[in-house]
Amino acid sequence: MEFRGSHITSVTQFDREAIERVFEVADTMQPFARRERRTTALDGAILGNMFFEPSTRTRFSFGCAFNLLGGYVRETSDIKTSSISKGESLYDTARVVSGYSDIIVMRHPQSGSVDEFARASRVPVINGGDGPNEHPSQALLDLYTIKKELRANGRSVDGMHIAMVGDLKHGRTVHSLSQLLLLYRSVTFTLISPAELQMPESIVTQLRNAGHTVIETEDMEKGLADNDTVYLTRIQEERFSDKLEANIYRGRFKLNQDIYTRNCAPNTVIMHPLPRDSREEANELDNDLNQHPNLAIFRQTDNGVVVRMALFALILDVVDLVEARASGVPWYTAGRFDN
Amino acid sequence: MEFRGSHITSVTQFDREAIERVFEVADTMQPFARRERRTTALDGAILGNMFFEPSTRTRFSFGCAFNLLGGYVRETSDIKTSSISKGESLYDTARVVSGYSDIIVMRHPQSGSVDEFARASRVPVINGGDGPNEHPSQALLDLYTIKKELRANGRSVDGMHIAMVGDLKHGRTVHSLSQLLLLYRSVTFTLISPAELQMPESIVTQLRNAGHTVIETEDMEKGLADNDTVYLTRIQEERFSDKLEANIYRGRFKLNQDIYTRNCAPNTVIMHPLPRDSREEANELDNDLNQHPNLAIFRQTDNGVVVRMALFALILDVVDLVEARASGVPWYTAGRFDN
Amino acid sequence: MEFRGSHITSVTQFDREAIERVFEVADTMQPFARRERRTTALDGAILGNMFFEPSTRTRFSFGCAFNLLGGYVRETSDIKTSSISKGESLYDTARVVSGYSDIIVMRHPQSGSVDEFARASRVPVINGGDGPNEHPSQALLDLYTIKKELRANGRSVDGMHIAMVGDLKHGRTVHSLSQLLLLYRSVTFTLISPAELQMPESIVTQLRNAGHTVIETEDMEKGLADNDTVYLTRIQEERFSDKLEANIYRGRFKLNQDIYTRNCAPNTVIMHPLPRDSREEANELDNDLNQHPNLAIFRQTDNGVVVRMALFALILDVVDLVEARASGVPWYTAGRFDN
């Protein structure tokens, strides 16, 4: 896979070598994300951070990643302030805004919209989430986190056991992560969900065809046993046609300190794509685990920054400049990444 | 006309010499907009990009233009997040925010609002559109585009033939462009619109008094013949008091490949201020012309960036610094401007 | 008080020495805010400017202050575009976004929210207003303004006479300013308000216990006499449970040229936290005073920038770098601060 000048719209673009290249570059970004050093590799470049759907977290993460490389960020955060509401096509929007910036991140509620946009764009486009479809940087940061966490436990992605819990039908993150894991060997998936919210059959089949083991269950406590990683998800109420229906499922599969201790192997890594729904009726991942050393959810979001820095640096071909243009950080930066 | 420290609120401020000066500086901005080089002429300066009405495109264009000159951009994109909703006067808003930034771009739905704001501002203000009234940088980029396109055809603005099509009553862009063309010689205007959406009589009279020829017609095909430029517009439904009334006119005057080939002279330049309404019921400029070499609509928006860079550089008096502070661009910048 | 790495969430954190330190640093920021010079002290640092409640003015002020120190600003201006609407806790939001930026400014409609956020944040947090509760930088800029204005009149904060006028019950600014004035000596407060919108009894008691004199009255004209400063406030209609009730009080206490001349001592400084409500039915501070030399309201907002620059520089410990990294300003900067 050639990164230079490429669009990143789908996890299916990646082979294992490309993934490892992203992770290798992401590792070199850590000192910059931790503010031990700074770089001006992209000084003068402009990111068009186009969010046509609410997402403070992802928008911030991409924006900060670009700033950390020394670039400018111009952005929009609301479809209502857009010409699209006056009947403009994605083609036109893409032709126009790709004349303004050096690279574009786009989030949009419609499946396939980012692909359509990318085809018309004159600059590289990264998919920041196109509705229920794809969100490749999230899958990359999830896999990067799994790899780093397991390495600390002396394990690797090949051969690992992972439980995925919750709304596996609508959960874009578990779909995309599964796609990436097709490139690895002998993973055991335990898929824990209500019958109505199971992982799509097509993905289960793909996993099995790739030589992985897939166990499907509605019994959470049994499913939690003997895993390296437990990946929890939120009930995606915004993806239900009937929002009330979503409430039936909220709160059915919860992880808390007690359930974790009784069922999970000692070093089981706890992951969640965030936001987690901490309202009492949902609470899929309890706050009583907030201090647990295996809770990796905030390491996930931290990792999101370096993975996105890596994508920007690879696509805009400045990986070698990052170090060449690095310098010290003179302002206060206490040990913020000890979480 | 003195640019240094001036407000730009109306096309009527410009004489022909001032226009030519903007275009001359805009030409020198091209290598920076195309990312062949970069400059830090405005490194440290702050643009207050104040949009009290939705406009992603114009907001991005001004913001990127300022970033391309090396400056910071602070912005607002919504009147609801503003103190104006708590009863604050434009005078107060202007006094306050002009203490924060070095120059302000303001868009506001009310005619005359930007003038009122500029009178109270302590820093230069550029009108980014005040409702149905003025949007001077759009008129400048349109004229700059016409000039460049015609020059490529061996023609000039003086003596050209231009057809304006659509909602000429509400179309701010055709009004402003007409104002600028008062400064040129012997232009032939063919104004194609429904009788109810004709160009205001006062403008037609001004054009004739300036020695131009004006033909008004409802017959699109006849009107298209024998022009250097066809300038299409969108039915400005947001300017109609009754939105349903707007629908009567949508889709009545369309340009597509077939109509163009049958009626237009070979090198006729196709322009549109964008956004164009690509919904089936409107579709005033068909996508089947998207690959046509005379379709200048995306060159228009590209030209908007350099014209706005020129205005910033002239008003803040850093034209000479642009080159003095220029350097190379090390990141990937494939031939994006070959459209 | 140690500034380095600290959260600033309440005026009660400050002792008199800390206040004086902020003001001393703010004084050194004036040439940078006035664009006589520029600095890159925070070049590469990122501010997370998180506004979960509308406030263009405060958001701009903090953002520009950070840009003036050379830093980047990433921001959000709307709670609807936030994960909080998907049930995310402030704890999670804080853990996540504090991994993205070097310092955070947060505004939020709920009292206590910023404290809760700050406890979970991995980087310093400044309270930009938590509903009716605190807005410490506003209190600091108010006191800084009073001190500067009185010094010009040969007076000092100790021993001064100040009238506070309007909605003293809901007015966060007069509460916070009163808290800071507890640290000074022998101030005479004349509190002018409708009986129903009086200053909370607890604050009056604190002021008296600190040795200050407090006079409460509904008679505006009498109350205005013999003060160094008159501090007017807006009826905070957004803090009323019944918005119609707010209308009863709007316009009851107004200051205009005539009332000022008849009642106020010659050099009485006129202040208002802004926005002032200039609609006819409110108009608590008339525009006929706009040219009055003692009208300090726009000097207040200008002072807000330098006070916020001082807080950033102190917390991130770059005070010494500001001068070390200063240089000249080459762009047009006419005498904008002569107001």
# chains A, B, ... in the order shown; residues from 1 in each chain; ligands from 1
call {"tool": "select_by_dssp", "arguments": {"residues": "range 110-274 of chain B", "states": "alpha helix (DSSP H)", "output": "JSON, numbers by chain"}}
result
{"B": [113, 114, 115, 116, 117, 118, 119, 120, 136, 137, 138, 139, 140, 141, 142, 143, 144, 145, 146, 147, 148, 149, 150, 151, 152, 172, 173, 174, 175, 176, 177, 178, 179, 180, 181, 201, 202, 203, 204, 205, 206, 207, 208, 209, 220, 221, 222, 223, 224, 243, 244, 245, 246, 247, 248, 249, 257, 258, 259, 260, 261, 262, 263]}
call {"tool": "interface_residues", "arguments": {"of": "chain C", "to": "chain B", "cutoff": "9 Å", "atoms": "only C-alpha atoms", "output": "MDAnalysis selection string"}}
result
chainID C and resid 33:35 38:40 53:57 60:61 63:65 67:70 72:73 77:78 237 274:279 282 297:299 301:302 305 329:339
call {"tool": "residues_around", "arguments": {"residues": "Val174 in chain B", "least_positions_apart": "5", "cutoff": "9 Å", "atoms": "only C-alpha atoms", "output": "PyMOL selection string"}}
result
chain B and resi 139+164+168-169+179+199+231+233
call {"tool": "write_last_selection", "arguments": {"atoms": "C-alpha atoms", "output": "PDB file, in the first residue's frame"}}
result
ATOM      1  CA  ALA B 139     -17.575  40.261  -7.106  1.00  0.00           C
ATOM      2  CA  MET B 164     -26.436  36.511 -16.699  1.00  0.00           C
ATOM      3  CA  LEU B 168     -31.286  38.362 -11.212  1.00  0.00           C
ATOM      4  CA  LYS B 169     -33.605  40.105  -8.786  1.00  0.00           C
ATOM      5  CA  GLN B 179     -21.341  47.399 -10.278  1.00  0.00           C
ATOM      6  CA  MET B 199     -32.351  42.622 -12.717  1.00  0.00           C
ATOM      7  CA  TYR B 231     -22.939  33.504 -15.525  1.00  0.00           C
ATOM      8  CA  THR B 233     -27.250  31.800 -10.562  1.00  0.00           C
TER       9      THR B 233
END
call {"tool": "residues_around", "arguments": {"residues": "His108 in chain B", "least_positions_apart": "3", "cutoff": "10 Å", "atoms": "only C-alpha atoms", "output": "PDB file with N, CA and C atoms, in the first residue's frame"}}
result
ATOM      1  N   MET B  50     -15.924  36.302  11.534  1.00  0.00           N
ATOM      2  CA  MET B  50     -17.193  36.335  12.254  1.00  0.00           C
ATOM      3  C   MET B  50     -18.365  36.096  11.323  1.00  0.00           C
ATOM      4  N   PHE B  51     -18.883  34.899  11.355  1.00  0.00           N
ATOM      5  CA  PHE B  51     -19.979  34.526  10.456  1.00  0.00           C
ATOM      6  C   PHE B  51     -21.255  34.349  11.248  1.00  0.00           C
ATOM      7  N   PHE B  52     -22.121  35.353  11.121  1.00  0.00           N
ATOM      8  CA  PHE B  52     -23.402  35.334  11.818  1.00  0.00           C
ATOM      9  C   PHE B  52     -24.495  34.778  10.919  1.00  0.00           C
ATOM     10  N   GLU B  53     -24.108  34.057   9.903  1.00  0.00           N
ATOM     11  CA  GLU B  53     -25.023  33.406   8.960  1.00  0.00           C
ATOM     12  C   GLU B  53     -24.257  32.232   8.390  1.00  0.00           C
ATOM     13  N   PRO B  54     -24.941  31.104   8.138  1.00  0.00           N
ATOM     14  CA  PRO B  54     -24.219  29.922   7.647  1.00  0.00           C
ATOM     15  C   PRO B  54     -23.508  30.195   6.326  1.00  0.00           C
ATOM     16  N   ASP B  78     -22.058  31.047  14.042  1.00  0.00           N
ATOM     17  CA  ASP B  78     -23.469  30.899  14.357  1.00  0.00           C
ATOM     18  C   ASP B  78     -23.950  32.069  15.197  1.00  0.00           C
ATOM     19  N   ILE B  79     -25.015  32.691  14.756  1.00  0.00           N
ATOM     20  CA  ILE B  79     -25.519  33.838  15.503  1.00  0.00           C
ATOM     21  C   ILE B  79     -26.049  33.433  16.872  1.00  0.00           C
ATOM     22  N   SER B 111     -28.885  43.558   5.783  1.00  0.00           N
ATOM     23  CA  SER B 111     -28.347  44.565   4.892  1.00  0.00           C
ATOM     24  C   SER B 111     -27.858  45.772   5.700  1.00  0.00           C
ATOM     25  N   GLY B 112     -26.629  46.188   5.456  1.00  0.00           N
ATOM     26  CA  GLY B 112     -26.108  47.371   6.142  1.00  0.00           C
ATOM     27  C   GLY B 112     -25.408  47.067   7.455  1.00  0.00           C
ATOM     28  N   SER B 113     -25.571  45.838   7.949  1.00  0.00           N
ATOM     29  CA  SER B 113     -25.014  45.491   9.258  1.00  0.00           C
ATOM     30  C   SER B 113     -23.493  45.603   9.288  1.00  0.00           C
ATOM     31  N   VAL B 114     -22.858  45.224   8.204  1.00  0.00           N
ATOM     32  CA  VAL B 114     -21.385  45.224   8.212  1.00  0.00           C
ATOM     33  C   VAL B 114     -20.855  46.652   8.195  1.00  0.00           C
ATOM     34  N   ASN B 127     -16.323  42.984   4.398  1.00  0.00           N
ATOM     35  CA  ASN B 127     -17.695  42.479   4.300  1.00  0.00           C
ATOM     36  C   ASN B 127     -17.683  41.104   3.618  1.00  0.00           C
ATOM     37  N   GLY B 128     -18.066  40.088   4.365  1.00  0.00           N
ATOM     38  CA  GLY B 128     -18.170  38.743   3.809  1.00  0.00           C
ATOM     39  C   GLY B 128     -19.589  38.413   3.385  1.00  0.00           C
ATOM     40  N   GLY B 129     -20.401  39.455   3.199  1.00  0.00           N
ATOM     41  CA  GLY B 129     -21.798  39.283   2.795  1.00  0.00           C
ATOM     42  C   GLY B 129     -22.742  39.798   3.862  1.00  0.00           C
ATOM     43  N   ASP B 130     -23.456  40.871   3.552  1.00  0.00           N
ATOM     44  CA  ASP B 130     -24.471  41.376   4.497  1.00  0.00           C
ATOM     45  C   ASP B 130     -25.843  41.204   3.864  1.00  0.00           C
ATOM     46  N   GLY B 131     -26.368  40.013   4.038  1.00  0.00           N
ATOM     47  CA  GLY B 131     -27.690  39.690   3.521  1.00  0.00           C
ATOM     48  C   GLY B 131     -27.759  39.888   2.027  1.00  0.00           C
ATOM     49  N   PRO B 132     -28.841  40.496   1.536  1.00  0.00           N
ATOM     50  CA  PRO B 132     -29.010  40.658   0.083  1.00  0.00           C
ATOM     51  C   PRO B 132     -28.172  41.798  -0.477  1.00  0.00           C
TER      52      PRO B 132
END
call {"tool": "atom_distance", "arguments": {"atom1": "CA of Glu218 in chain A", "atom2": "CA of Phe189 in chain A"}}
result
13.7 Å
call {"tool": "residues_around", "arguments": {"residues": "Glu281 in chain B", "least_positions_apart": "2", "cutoff": "10 Å", "atoms": "only C-alpha atoms", "output": "JSON, numbers by chain"}}
result
{"B": [247, 249, 250, 251, 252, 277, 278, 279, 283, 284]}
call {"tool": "residues_around", "arguments": {"residues": "Asp219 in chain B", "least_positions_apart": "3", "cutoff": "8 Å", "atoms": "only C-alpha atoms", "output": "mmCIF file with N, CA and C atoms, in the first residue's frame"}}
result
data_model
loop_
_atom_site.group_PDB
_atom_site.id
_atom_site.type_symbol
_atom_site.label_atom_id
_atom_site.label_comp_id
_atom_site.auth_asym_id
_atom_site.auth_seq_id
_atom_site.Cartn_x
_atom_site.Cartn_y
_atom_site.Cartn_z
ATOM 1 N N ILE B 192 -30.986 37.083 -18.678
ATOM 2 C CA ILE B 192 -31.986 36.044 -18.931
ATOM 3 C C ILE B 192 -32.627 35.660 -17.614
ATOM 4 N N LYS B 222 -31.968 31.667 -26.995
ATOM 5 C CA LYS B 222 -31.568 32.812 -27.812
ATOM 6 C C LYS B 222 -30.532 33.664 -27.066
ATOM 7 N N GLY B 223 -30.780 33.840 -25.786
ATOM 8 C CA GLY B 223 -29.889 34.695 -24.990
ATOM 9 C C GLY B 223 -28.484 34.128 -24.849
#
call {"tool": "closest_residue", "arguments": {"among": "B:Pro31, B:Gly171, B:Pro293, B:Pro136", "to": "Arg308 in chain B", "atoms": "only C-alpha atoms"}}
result
B:Pro136
call {"tool": "closest_residue", "arguments": {"among": "A:Ala326, A:Leu141, A:Ile126, A:Ile203", "to": "Val22 in chain A", "atoms": "only C-alpha atoms"}}
result
A:Leu141
call {"tool": "atom_distance", "arguments": {"atom1": "CA of Phe66 in chain A", "atom2": "CA of Ala310 in chain C"}}
result
26.6 Å
call {"tool": "residues_around", "arguments": {"residues": "Ile162 in chain B", "least_positions_apart": "6", "cutoff": "8 Å", "atoms": "only C-alpha atoms", "output": "list in words"}}
result
Val187, Thr188, Phe189, Thr190, Asn227, Asp228, Thr229, Val230 and Tyr231 of chain B
call {"tool": "select_by_dssp", "arguments": {"residues": "range 57-134 of chain A", "states": "strand (DSSP E)", "output": "list in words"}}
result
Tyr72, Val73, Arg74, Glu75, Thr76, Ile103, Ile104, Val105, Met106, Arg107, His108, Val125, Ile126, Asn127, Gly128, Gly129 and Asp130 of chain A
call {"tool": "closest_residue", "arguments": {"among": "B:Leu224, B:Val204, B:Met271, B:Val125", "to": "Glu149 in chain B", "atoms": "only C-alpha atoms"}}
result
B:Met271
call {"tool": "atom_distance", "arguments": {"atom1": "CA of Ser193 in chain A", "atom2": "CA of Val165 in chain A"}}
result
5.8 Å
